[in-house]
$ cat coords_35.cif   # mmCIF, C-alpha atoms
data_query
loop_
_atom_site.label_atom_id
_atom_site.label_comp_id
_atom_site.auth_asym_id
_atom_site.auth_seq_id
_atom_site.Cartn_x
_atom_site.Cartn_y
_atom_site.Cartn_z
CA ALA A 1 -1.62 -17.39 -3.50
CA GLN A 2 0.50 -14.30 -3.59
CA LYS A 3 3.02 -13.53 -0.90
CA VAL A 4 5.69 -10.92 -0.25
CA THR A 5 8.35 -11.48 2.37
CA GLN A 6 10.51 -8.79 3.87
CA ALA A 7 12.63 -10.68 6.33
CA GLN A 8 14.29 -7.60 7.82
CA THR A 9 12.00 -6.10 10.40
CA GLU A 10 14.26 -3.25 11.37
CA ILE A 11 17.60 -1.94 10.16
CA SER A 12 19.70 0.74 11.77
CA VAL A 13 22.58 2.39 9.95
CA VAL A 14 24.72 5.44 10.38
CA GLU A 15 24.39 8.26 7.90
CA LYS A 16 26.33 7.77 4.64
CA GLU A 17 26.26 4.01 4.91
CA ASP A 18 24.75 2.00 2.09
CA VAL A 19 21.81 -0.22 3.00
CA THR A 20 19.92 -2.93 1.13
CA LEU A 21 16.34 -3.87 1.88
CA ASP A 22 15.40 -7.37 0.83
CA CYS A 23 12.16 -8.48 -0.78
CA VAL A 24 11.19 -11.97 -1.90
CA TYR A 25 7.87 -12.66 -3.59
CA GLU A 26 5.68 -15.58 -4.60
CA THR A 27 3.06 -15.66 -7.32
CA ARG A 28 1.67 -18.14 -9.81
CA ASP A 29 1.03 -15.45 -12.39
CA THR A 30 3.51 -14.95 -15.21
CA THR A 31 2.62 -11.29 -15.53
CA TYR A 32 2.95 -9.31 -12.36
CA TYR A 33 4.12 -5.99 -10.99
CA LEU A 34 6.46 -5.25 -8.15
CA PHE A 35 6.50 -2.04 -6.14
CA TRP A 36 8.39 -0.28 -3.41
CA TYR A 37 6.77 2.33 -1.20
CA LYS A 38 8.15 4.53 1.54
CA GLN A 39 5.96 5.31 4.55
CA PRO A 40 7.24 8.15 6.70
CA PRO A 41 5.76 8.78 10.17
CA SER A 42 2.95 10.83 8.63
CA GLY A 43 1.58 7.57 7.24
CA GLU A 44 1.19 8.62 3.65
CA LEU A 45 2.59 6.09 1.19
CA VAL A 46 5.23 7.48 -1.14
CA PHE A 47 5.55 5.59 -4.41
CA LEU A 48 9.15 4.76 -5.30
CA ILE A 49 9.08 2.32 -8.18
CA ARG A 50 6.99 -0.11 -10.21
CA ARG A 51 8.49 -2.93 -12.26
CA ASN A 52 6.75 -5.42 -14.47
CA SER A 53 7.75 -9.05 -14.61
CA PHE A 54 9.12 -8.79 -18.13
CA ASP A 55 11.61 -6.10 -17.36
CA GLU A 56 14.52 -7.43 -15.36
CA GLN A 57 16.76 -4.48 -15.95
CA ASN A 58 18.09 -2.98 -12.79
CA GLU A 59 17.14 0.60 -12.17
CA ILE A 60 18.91 3.50 -10.58
CA SER A 61 17.32 6.74 -9.49
CA GLY A 62 19.68 9.04 -7.68
CA ARG A 63 20.74 7.30 -4.47
CA TYR A 64 18.16 4.57 -4.96
CA SER A 65 18.69 1.40 -6.97
CA TRP A 66 16.69 -1.76 -7.44
CA ASN A 67 17.83 -5.25 -8.29
CA PHE A 68 15.16 -7.50 -9.80
CA GLN A 69 16.06 -11.18 -10.15
CA LYS A 70 13.34 -13.50 -11.37
CA SER A 71 15.55 -16.53 -10.81
CA THR A 72 15.44 -15.94 -7.08
CA SER A 73 12.07 -14.12 -7.00
CA SER A 74 13.70 -11.13 -5.39
CA PHE A 75 13.36 -7.40 -5.81
CA ASN A 76 15.87 -5.75 -3.52
CA PHE A 77 16.22 -2.07 -2.86
CA THR A 78 19.50 -0.31 -2.09
CA ILE A 79 19.97 3.16 -0.72
CA THR A 80 23.44 4.53 -1.27
CA ALA A 81 24.93 7.05 1.13
CA SER A 82 21.89 6.97 3.39
CA GLN A 83 20.57 10.14 4.97
CA VAL A 84 18.51 10.82 8.08
CA VAL A 85 15.56 11.73 5.84
CA ASP A 86 15.56 8.16 4.55
CA SER A 87 14.31 6.98 7.95
CA ALA A 88 10.91 5.42 7.34
CA VAL A 89 9.15 2.11 6.88
CA TYR A 90 9.64 0.65 3.42
CA PHE A 91 7.15 -1.73 1.88
CA CYS A 92 7.62 -4.07 -1.04
CA ALA A 93 4.39 -5.05 -2.80
CA LEU A 94 3.08 -7.23 -5.61
CA SER A 95 0.05 -7.17 -7.85
CA THR A 96 -1.11 -8.80 -11.06
CA PRO A 97 -3.45 -7.66 -13.82
CA ASN A 98 -5.77 -10.55 -13.15
CA VAL A 99 -9.22 -9.82 -11.82
CA GLY A 100 -9.30 -10.59 -8.13
CA ARG A 101 -5.57 -10.03 -7.67
CA ARG A 102 -5.11 -6.44 -8.78
CA ALA A 103 -4.90 -5.12 -5.27
CA LEU A 104 -1.45 -4.89 -3.83
CA THR A 105 -0.15 -7.61 -1.59
CA PHE A 106 2.26 -5.93 0.79
CA GLY A 107 5.22 -7.32 2.64
CA SER A 108 5.44 -6.75 6.37
CA GLY A 109 7.71 -3.76 5.90
CA THR A 110 11.24 -2.89 6.96
CA ARG A 111 11.77 -0.02 9.38
CA LEU A 112 14.92 1.85 8.47
CA GLN A 113 16.56 4.10 11.04
CA VAL A 114 19.38 6.27 9.79
CA GLN A 115 21.37 7.74 12.66
CA PRO A 116 23.22 11.03 12.22
CA GLY B 1 0.72 12.23 -11.14
CA ALA B 2 -2.87 11.45 -10.32
CA VAL B 3 -4.21 12.65 -6.99
CA VAL B 4 -6.38 10.76 -4.54
CA SER B 5 -7.79 12.49 -1.49
CA GLN B 6 -9.27 11.11 1.69
CA HIS B 7 -11.50 12.83 4.16
CA PRO B 8 -11.24 13.13 7.05
CA SER B 9 -7.53 12.69 7.67
CA ARG B 10 -8.15 12.04 11.35
CA VAL B 11 -11.26 11.16 13.29
CA ILE B 12 -11.90 10.37 16.93
CA CYS B 13 -15.26 8.94 17.83
CA LYS B 14 -17.06 7.25 20.69
CA SER B 15 -17.66 3.56 20.75
CA GLY B 16 -20.93 2.64 19.07
CA THR B 17 -21.01 5.50 16.58
CA SER B 18 -20.57 5.23 12.82
CA VAL B 19 -17.85 6.94 10.87
CA LYS B 20 -17.77 7.64 7.14
CA ILE B 21 -14.49 7.96 5.25
CA GLU B 22 -14.42 9.35 1.73
CA CYS B 23 -11.94 8.51 -0.99
CA ARG B 24 -11.90 10.70 -4.08
CA SER B 25 -9.92 10.55 -7.29
CA LEU B 26 -9.47 14.22 -8.09
CA ASP B 27 -8.26 14.26 -11.67
CA PHE B 28 -9.15 10.88 -13.09
CA GLN B 29 -11.96 8.37 -13.12
CA ALA B 30 -11.59 5.19 -11.13
CA THR B 31 -13.85 2.25 -11.79
CA THR B 32 -12.05 0.35 -9.05
CA MET B 33 -10.89 1.50 -5.66
CA PHE B 34 -9.33 -0.56 -2.92
CA TRP B 35 -9.60 -0.12 0.84
CA TYR B 36 -6.72 -1.17 3.05
CA ARG B 37 -6.31 -1.20 6.80
CA GLN B 38 -3.08 -0.82 8.69
CA PHE B 39 -2.81 -1.52 12.41
CA PRO B 40 0.05 0.13 14.33
CA LYS B 41 3.44 -1.17 13.26
CA GLN B 42 1.90 -3.64 10.87
CA SER B 43 1.53 -3.93 7.15
CA LEU B 44 -1.33 -2.86 4.94
CA MET B 45 -4.01 -5.46 4.51
CA LEU B 46 -6.65 -5.36 1.81
CA MET B 47 -10.15 -5.08 3.22
CA ALA B 48 -12.27 -4.81 0.12
CA THR B 49 -12.45 -3.96 -3.54
CA SER B 50 -14.90 -1.23 -4.43
CA ASN B 51 -16.35 -1.31 -7.95
CA GLU B 52 -18.35 1.57 -9.34
CA GLY B 53 -21.98 0.66 -9.72
CA SER B 54 -21.75 -2.75 -8.13
CA LYS B 55 -21.31 -4.39 -4.77
CA ALA B 56 -17.97 -4.36 -3.10
CA THR B 57 -15.93 -7.53 -2.78
CA TYR B 58 -14.72 -8.18 0.74
CA GLU B 59 -11.66 -10.11 1.82
CA GLN B 60 -12.03 -13.08 4.07
CA GLY B 61 -12.54 -12.07 7.67
CA VAL B 62 -13.83 -8.58 6.88
CA GLU B 63 -17.46 -8.10 7.93
CA LYS B 64 -19.40 -6.49 5.12
CA ASP B 65 -22.16 -5.35 7.45
CA LYS B 66 -19.67 -3.57 9.63
CA PHE B 67 -17.62 -1.96 6.88
CA LEU B 68 -20.08 -0.58 4.38
CA ILE B 69 -18.63 0.44 1.04
CA ASN B 70 -20.38 2.56 -1.53
CA HIS B 71 -18.88 3.46 -4.90
CA ALA B 72 -21.62 5.61 -6.31
CA SER B 73 -19.57 7.50 -8.87
CA LEU B 74 -16.37 7.13 -10.85
CA THR B 75 -14.55 9.50 -8.52
CA LEU B 76 -15.88 8.64 -5.07
CA SER B 77 -15.91 5.62 -2.81
CA THR B 78 -16.97 5.74 0.82
CA LEU B 79 -16.20 3.41 3.68
CA THR B 80 -18.52 3.53 6.66
CA VAL B 81 -17.42 1.87 9.86
CA THR B 82 -20.68 1.07 11.62
CA SER B 83 -20.97 0.78 15.38
CA ALA B 84 -17.28 1.37 15.77
CA HIS B 85 -15.37 -0.24 18.62
CA PRO B 86 -11.87 0.42 19.97
CA GLU B 87 -10.53 -2.57 18.03
CA ASP B 88 -11.53 -0.78 14.81
CA SER B 89 -9.00 1.94 15.59
CA SER B 90 -6.60 1.83 12.68
CA PHE B 91 -5.18 3.65 9.68
CA TYR B 92 -7.45 3.28 6.66
CA ILE B 93 -5.97 3.89 3.22
CA CYS B 94 -7.69 3.81 -0.13
CA SER B 95 -6.21 3.47 -3.57
CA ALA B 96 -7.78 4.19 -6.94
CA VAL B 97 -7.03 2.41 -10.17
CA SER B 98 -6.70 4.69 -13.17
CA SER B 99 -7.67 3.84 -16.68
CA GLY B 100 -3.96 3.83 -17.49
CA GLY B 101 -3.89 0.16 -16.67
CA PRO B 102 -5.09 -2.33 -14.10
CA ASN B 103 -2.02 -1.84 -11.98
CA GLU B 104 -1.70 1.91 -12.11
CA GLN B 105 -2.83 2.62 -8.58
CA PHE B 106 -2.71 5.82 -6.64
CA PHE B 107 -3.00 5.95 -2.87
CA GLY B 108 -4.81 8.42 -0.72
CA PRO B 109 -3.08 9.95 2.29
CA GLY B 110 -4.96 7.78 4.75
CA THR B 111 -7.43 8.31 7.57
CA ARG B 112 -6.47 7.66 11.16
CA LEU B 113 -9.47 6.42 13.12
CA THR B 114 -9.44 6.34 16.90
CA VAL B 115 -12.42 4.86 18.69
CA LEU B 116 -12.66 5.68 22.37
#
$ encode --input "coords_35.cif" --output "structure tokens"
Amino acid sequence: AQKVTQAQTEISVVEKEDVTLDCVYETRDTTYYLFWYKQPPSGELVFLIRRNSFDEQNEISGRYSWNFQKSTSSFNFTITASQVVDSAVYFCALSTPNVGRRALTFGSGTRLQVQP
Amino acid sequence: GAVVSQHPSRVICKSGTSVKIECRSLDFQATTMFWYRQFPKQSLMLMATSNEGSKATYEQGVEKDKFLINHASLTLSTLTVTSAHPEDSSFYICSAVSSGGPNEQFFGPGTRLTVL
């Protein structure tokens, strides 16, 4: 069975602080994809990143960076110099190319509050 | 990127009525669409997989007679909540899988259903 765990339910930081959102996953598949989505109060999911299981290179996009470690089954997300606009719920998700498991399995989400 | 629309974005209905939600892929064909449900302050849970030209596949615990799914064309899937009750009030989000790969999914903006 597939599972995604986001142990941090809620995080509150002050603007300009760095913050890391943790994500741990479980899957029996050797090929899989990991995602991060941002969900602002409007509800619409904003795609942030997709990584496949064969690419362990860390990625940086502006203030966002992701650390993928297969050895610990983790795919953590760091926001550098956080801003108030970063306040949202962030979901980590997993899917595989196998029929029956292509849909995303979402973690429970981490609510990030960035205070001015 | 590819665009997926949902209609309506918000709907309020009386208990016992049926509500139809449409999910459209606007600039690509989607043989597979997924329907998710998100209760307040919770994660997204897969309800069903909608396959064009065939019956939908429902997740355990989701009543197929209550949540009717029709995927009549490569760009449209509909979810009908029959005889809606207050406990069906939720945020319903669809995603469409593009031909770019089994894990290239694009999410609609969601439909907020409130049953009085």
$ resolve_selection --input "coords_35.cif" --expression "the PyMOL selection byres ((chain B) within 8 of (chain A))" --output "mmCIF file with C-alpha atoms, keeping the file's coordinate frame"
data_model
loop_
_atom_site.group_PDB
_atom_site.id
_atom_site.type_symbol
_atom_site.label_atom_id
_atom_site.label_comp_id
_atom_site.auth_asym_id
_atom_site.auth_seq_id
_atom_site.Cartn_x
_atom_site.Cartn_y
_atom_site.Cartn_z
ATOM 1 C CA PHE B 34 -9.330 -0.560 -2.920
ATOM 2 C CA GLN B 42 1.900 -3.640 10.870
ATOM 3 C CA SER B 43 1.530 -3.930 7.150
ATOM 4 C CA LEU B 44 -1.330 -2.860 4.940
ATOM 5 C CA MET B 45 -4.010 -5.460 4.510
ATOM 6 C CA LEU B 46 -6.650 -5.360 1.810
ATOM 7 C CA THR B 49 -12.450 -3.960 -3.540
ATOM 8 C CA PRO B 102 -5.090 -2.330 -14.100
ATOM 9 C CA ASN B 103 -2.020 -1.840 -11.980
ATOM 10 C CA PHE B 107 -3.000 5.950 -2.870
ATOM 11 C CA GLY B 108 -4.810 8.420 -0.720
ATOM 12 C CA PRO B 109 -3.080 9.950 2.290
ATOM 13 C CA GLY B 110 -4.960 7.780 4.750
#
$ resolve_selection --input "coords_35.cif" --expression "the PyMOL selection byres ((chain A and resi 6) around 8)" --output "number ranges by chain"
A: 4-5, 7-9, 21-24, 92, 107-110
$ atom_distance --input "coords_35.cif" --atom1 "atom CA of B:Cys94" --atom2 "atom CA of B:Lys14"
23.1 Å
$ closest_residue --input "coords_35.cif" --among "B:Ser9, B:Val81, B:His71, B:Tyr92" --to "B:Trp35" --atoms "all atoms listed in the file"
B:Tyr92
$ closest_residue --input "coords_35.cif" --among "A:Thr80, A:Gln39, A:Thr27, A:Ser65" --to "A:Lys3" --atoms "only C-alpha atoms"
A:Thr27
$ closest_residue --input "coords_35.cif" --among "A:Phe35, A:Pro40, A:Glu26, A:Ile60" --to "A:Leu112" --atoms "only C-alpha atoms"
A:Pro40
$ atom_distance --input "coords_35.cif" --atom1 "atom CA of B:Gln60" --atom2 "atom CA of B:Ala84"
19.3 Å
$ residues_near_point --input "coords_35.cif" --point "(18.0, 6.3, -6.8)" --cutoff "12 Å" --atoms "all atoms listed in the file" --output "list in words"
Asp18, Leu48, Ile49, Asn58, Glu59, Ile60, Ser61, Gly62, Arg63, Tyr64, Ser65, Trp66, Asn67, Phe77, Thr78, Ile79, Thr80, Ala81, Ser82 and Asp86 of chain A
$ atom_distance --input "coords_35.cif" --atom1 "atom CA of B:Thr32" --atom2 "atom CA of A:Tyr37"
20.5 Å
$ closest_residue --input "coords_35.cif" --among "B:Ser25, B:Ser95, B:Asn51, B:Gln38" --to "B:Leu113" --atoms "all atoms listed in the file"
B:Gln38
$ closest_residue --input "coords_35.cif" --among "B:Thr82, B:Ser77, B:Gln6, B:Thr114" --to "B:Ala56" --atoms "all atoms listed in the file"
B:Ser77
$ residues_near_point --input "coords_35.cif" --point "(-14.8, 8.0, -12.0)" --cutoff "8 Å" --atoms "only C-alpha atoms" --output "number ranges by chain"
B: 25, 28-31, 52, 73-76
